[in-house]
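*Asks:* To start, I am sharing the structure in question, which I have written as structure tokens.
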Amino acid sequence: MEYIDPQQARDMPGLRLVLTAGVPGPWSEAAKAVFQVKGVDFVPVRQVGGQENAELRAWTGRDNAPIAIQGDEPPRDGWADILSLAERLAPKPGLVPEDLVLRAQMFGLAHLICGPGGFAWERRHQLFGPIMAMGPAGREAVGRMAGKYAWSEEASAAAPARVAAILRHLADQLSAQAERGSPWFVGDEMTAVDLYWATFCAMLEPLPEEQCPMPTMLRQGYLLDDPAIRSERDAILLDHRDRIYREVLPPPDF
């Protein structure tokens, strides 16, 4: 992907989407997926994970990714706010159900994947643990990011059970949907949560190398290989991911 720097993007019209460059960051990939499915063009803006990103902060008041900036509107960096913007810019295809019960279900599942205390949040706690245990070198490497996720040794220790419970719930949801004849997480049509799981599933098991080349160390870190967490239920979760990338999304480009 061809990125531009924040200073260049600042005065540009239209949609600018700040993304973590060089890695398939799940929040960035999810934001891209939403706009790609809707056919909304955007200018990719570079953010470097774990770094100060001073130019980005001077422009948006934030140093994270993703951030969506539409024209002169305020920056949006929450997954739900970015989704709301996408729904406004391109109402069709809709990724948020009109039915209030299904809408509540979709946002609840999405929070379990994307939100604080959700799947990726807890996986971050797991990933930061061994690095932070390295002492000063580890804290220098990931301390900035760990602070954003309120990392602690206690949070790291609690993360595996939380990850396992979330994966179990997501697998049960897909199984229940399959029994009623739907291939989607919610209702009978694709919603944002289908895109979110496909992109965040990298932190369960990354796509194959030929689809998504990435540094070996990152691939090993993303792979959840704890047998106490993984089970036969992984199959339905990975199958869903694979179908979304086969039928809906292009291969990750970062």
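In the structure tokens, each chain is lettered A, B, ... as it comes, each chain's residues begin at 1, and ligands are numbered from 1 in order of appearance.
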Each residue of region 89-148 of chain A lying at most 12 Å from region 27-32 of chain A should get a row with its shortest atom-to-atom pair and the distance in Å to one decimal, counting only C-alpha atoms; could you produce that, ordered by chain and increasing number, as a tab-separated table?
*Replies:*
```
residue	atom	partner	partner_atom	distance
A:Ala110	CA	A:Ala30	CA	11.0
A:Ile113	CA	A:Trp27	CA	10.0
A:Cys114	CA	A:Trp27	CA	7.3
A:Gly115	CA	A:Trp27	CA	10.0
A:Phe119	CA	A:Trp27	CA	11.7
A:Ala120	CA	A:Trp27	CA	8.9
A:Trp121	CA	A:Trp27	CA	10.5
```
*Asks:* What are the nearest atom pairs, with distances in Å to one decimal, for all residues of region 92-191 of chain A that come at most 12 Å from region 38-57 of chain A, using only C-alpha atoms, set out by chain and rising residue number as a tab-separated table?
*Replies:*
```
residue	atom	partner	partner_atom	distance
A:Lys92	CA	A:Lys38	CA	6.7
A:Pro93	CA	A:Lys38	CA	6.1
A:Gly94	CA	A:Lys38	CA	8.2
A:Leu95	CA	A:Lys38	CA	8.9
A:Arg139	CA	A:Gly50	CA	11.2
A:Glu140	CA	A:Gly50	CA	9.8
A:Ala141	CA	A:Gly50	CA	7.9
A:Val142	CA	A:Gly50	CA	6.5
A:Gly143	CA	A:Gly50	CA	8.2
A:Arg144	CA	A:Gly50	CA	6.0
A:Met145	CA	A:Gly50	CA	5.4
A:Ala146	CA	A:Gly50	CA	9.0
A:Gly147	CA	A:Gly50	CA	10.3
A:Lys148	CA	A:Gly50	CA	9.8
A:Tyr149	CA	A:Gly50	CA	11.9
A:Thr191	CA	A:Lys38	CA	11.6
```
*Asks:* Record the distance separating CA of Asp5 (chain A) and CA of Gln36 (chain A), expressed in Å with one decimal.
*Replies:*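 One can read the CA of Asp5 (chain A) to CA of Gln36 (chain A) distance as 21.1 Å.
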*Asks:* Just want the 9 Å neighbourhood of region 67-82 of chain A, counted on only C-alpha atoms, with same-chain residues fewer than 3 positions away dropped. Output as a short mmCIF file (atom, residue, chain, number, x, y, z; two decimals) with C-alpha atoms, in the first residue's frame.
*Replies:*
```
data_model
loop_
_atom_site.label_atom_id
_atom_site.label_comp_id
_atom_site.auth_asym_id
_atom_site.auth_seq_id
_atom_site.Cartn_x
_atom_site.Cartn_y
_atom_site.Cartn_z
CA ASP A 11 -4.84 19.64 3.91
CA MET A 12 -6.17 17.06 1.48
CA PRO A 13 -9.92 16.79 0.78
CA GLY A 14 -12.02 13.68 1.19
CA LEU A 15 -11.38 10.69 3.40
CA ARG A 16 -7.96 10.15 4.91
CA LEU A 17 -7.50 6.83 6.74
CA VAL A 18 -4.58 6.55 9.13
CA LEU A 19 -3.30 2.96 9.19
CA TRP A 27 -7.99 -2.57 13.85
CA SER A 28 -6.44 -1.02 10.74
CA ALA A 30 -10.93 -3.87 9.88
CA ALA A 31 -11.33 -0.17 9.08
CA VAL A 34 -15.41 -1.58 5.95
CA THR A 60 -5.37 14.73 14.98
CA GLY A 61 -4.55 14.86 18.68
CA ARG A 62 -3.90 11.11 18.55
CA ASN A 64 -2.73 5.57 17.19
CA LEU A 85 -18.96 7.30 9.29
CA ALA A 86 -18.78 4.57 6.66
CA GLU A 87 -22.52 3.94 6.94
CA PHE A 107 -22.67 -4.38 18.19
CA ALA A 110 -18.29 -6.56 17.54
CA HIS A 111 -17.37 -5.25 20.98
CA CYS A 114 -12.74 -5.12 18.83
CA GLY A 115 -13.50 -3.38 22.11
#
```
*Asks:* Let me make sure I understand: among A:Gly181, A:Thr20, A:Ala133, A:Val186, which one has the smallest atom-to-atom distance to Val101 (chain A) if we use only C-alpha atoms?
*Replies:*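 Residue with the minimum atom-to-atom distance to Val101 (chain A): A:Val186.
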*Asks:* Which residue gives the smallest distance to Ala228 (chain A) among A:Met214, A:Ala104, A:Ala65, A:Ala165, with only C-alpha atoms counted?
*Replies:*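 Nearest candidate to Ala228 (chain A) out of A:Met214, A:Ala104, A:Ala65, A:Ala165: A:Ala165.
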*Asks:* Calculated over only C-alpha atoms, which of the candidates A:Pro130, A:Leu223, A:Ala33, A:Leu102 has the smallest distance to Pro250 (chain A)?
*Replies:* A:Ala33
*Asks:* Interatomic distance between CA of Arg10 (chain A) and CA of Phe254 (chain A)?
*Replies:*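 Rounded to one decimal, the two atoms are 20.8 Å apart.
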*Asks:* Between A:Ala58, A:Val37, A:Ala159, A:Ile236, which is the closest to Pro6 (chain A) once you count only C-alpha atoms?
*Replies:* A:Ala58
*Asks:* Excluding Ala158 (chain A) and any residue of its chain fewer than 4 positions from it, enumerate the residues within 9 Å of it, using only C-alpha atoms, and give them as a PyMOL selection string.
*Replies:* chain A and resi 122+125-126+153-154+162
*Asks:* When distances are computed from only C-alpha atoms, which of A:Asp225, A:Asp194, A:Asp172, A:Glu98 shows the smallest separation from Arg241 (chain A)?
*Replies:* A:Asp194
*Asks:* Skip Glu210 (chain A) itself and residues of its chain fewer than 4 positions away, then list as a ChimeraX atom specification all residues within 12 Å of it, counting only C-alpha atoms.
*Replies:* /A:206,214,251-252
*Asks:* Restricting it to C-alpha atoms, dump the selection as a PDB file, in the first residue's frame.
*Replies:*
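Once everything was written out, this is again-v4.pdb:
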```pdb
ATOM      1  CA  PRO A 206      -2.727 -15.564  10.500  1.00  0.00           C
ATOM      2  CA  MET A 214       4.654 -10.974   7.274  1.00  0.00           C
ATOM      3  CA  PRO A 251      -5.768 -10.134   0.532  1.00  0.00           C
ATOM      4  CA  PRO A 252      -4.340  -7.828   3.227  1.00  0.00           C
TER       5      PRO A 252
END
```
*Asks:* Go through region 37-170 of chain A and collect every residue that DSSP, computed from the backbone, puts in strand (DSSP E or B); the answer should be as a list in words.
*Replies:* Val43, Pro44, Val45, Arg46, Gln47, Ile67, Ala68, Ile69, Gln70 and Arg76 of chain A
*Asks:* Would you please work out which residue, of A:Ala192, A:Ile131, A:Gly221, A:Leu109, is nearest to His169 (chain A) when using only C-alpha atoms?
*Replies:* A:Leu109
*Asks:* Select from region 116-206 of chain A everything DSSP, run on the backbone, classes as helix (DSSP H, G or I), then give the selection as a PyMOL selection string.
*Replies:* chain A and resi 119-132+136-148+153-179+192-203
*Asks:* Quick one: write out the picked residues with C-alpha atoms as a short mmCIF file (atom, residue, chain, number, x, y, z; two decimals), in the first residue's frame?
*Replies:*
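Below you can see again-v7.cif, which holds the result:
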```cif
data_model
loop_
_atom_site.label_atom_id
_atom_site.label_comp_id
_atom_site.auth_asym_id
_atom_site.auth_seq_id
_atom_site.Cartn_x
_atom_site.Cartn_y
_atom_site.Cartn_z
CA PHE A 119 -10.58 -10.71 21.88
CA ALA A 120 -7.82 -8.53 20.41
CA TRP A 121 -7.44 -6.48 23.60
CA GLU A 122 -6.85 -9.63 25.64
CA ARG A 123 -4.55 -11.08 22.99
CA ARG A 124 -2.47 -7.91 23.29
CA HIS A 125 -2.20 -8.55 27.02
CA GLN A 126 -0.94 -12.04 26.23
CA LEU A 127 1.56 -10.81 23.66
CA PHE A 128 2.97 -8.03 25.82
CA GLY A 129 3.58 -10.33 28.81
CA PRO A 130 6.75 -12.14 27.65
CA ILE A 131 8.18 -8.94 26.15
CA MET A 132 7.60 -6.85 29.26
CA PRO A 136 14.13 -2.53 30.42
CA ALA A 137 14.65 -3.73 26.84
CA GLY A 138 11.14 -5.13 26.69
CA ARG A 139 9.58 -2.06 28.25
CA GLU A 140 11.41 0.14 25.75
CA ALA A 141 10.12 -2.00 22.86
CA VAL A 142 6.43 -2.20 23.75
CA GLY A 143 5.93 -0.07 26.86
CA ARG A 144 4.13 2.71 25.00
CA MET A 145 1.64 0.29 23.45
CA ALA A 146 1.22 -1.74 26.63
CA GLY A 147 0.21 1.39 28.48
CA LYS A 148 -2.56 2.08 25.98
CA GLU A 153 0.96 -8.72 35.04
CA GLU A 154 -2.48 -9.43 36.50
CA ALA A 155 -4.19 -8.58 33.21
CA SER A 156 -1.74 -10.79 31.32
CA ALA A 157 -2.42 -13.70 33.65
CA ALA A 158 -6.18 -13.33 33.27
CA ALA A 159 -6.11 -12.96 29.48
CA PRO A 160 -6.01 -16.65 28.41
CA ALA A 161 -9.28 -17.54 30.14
CA ARG A 162 -10.97 -14.46 28.69
CA VAL A 163 -9.72 -15.21 25.19
CA ALA A 164 -10.94 -18.80 25.46
CA ALA A 165 -14.40 -17.68 26.62
CA ILE A 166 -14.74 -15.19 23.77
CA LEU A 167 -13.65 -17.73 21.14
CA ARG A 168 -16.13 -20.24 22.56
CA HIS A 169 -18.94 -17.70 22.34
CA LEU A 170 -18.09 -16.68 18.78
CA ALA A 171 -17.90 -20.31 17.66
CA ASP A 172 -21.22 -21.09 19.35
CA GLN A 173 -22.81 -18.10 17.60
CA LEU A 174 -21.63 -19.25 14.18
CA SER A 175 -22.77 -22.80 14.93
CA ALA A 176 -26.22 -21.62 15.96
CA GLN A 177 -26.46 -19.52 12.81
CA ALA A 178 -25.40 -22.44 10.64
CA GLU A 179 -28.12 -24.60 12.19
CA ALA A 192 -19.70 -5.46 10.02
CA VAL A 193 -19.05 -8.19 12.57
CA ASP A 194 -18.31 -10.65 9.75
CA LEU A 195 -15.61 -8.31 8.49
CA TYR A 196 -14.30 -7.68 11.98
CA TRP A 197 -13.85 -11.36 12.74
CA ALA A 198 -12.18 -12.03 9.38
CA THR A 199 -9.59 -9.31 10.03
CA PHE A 200 -9.10 -9.89 13.75
CA CYS A 201 -8.83 -13.66 13.28
CA ALA A 202 -5.17 -13.00 12.43
CA MET A 203 -4.60 -12.99 16.17
#
```
*Asks:* One decimal, Å: what's the distance from CA of Leu224 (chain A) over to CA of Gly135 (chain A), could you say?
*Replies:* 23.4 Å
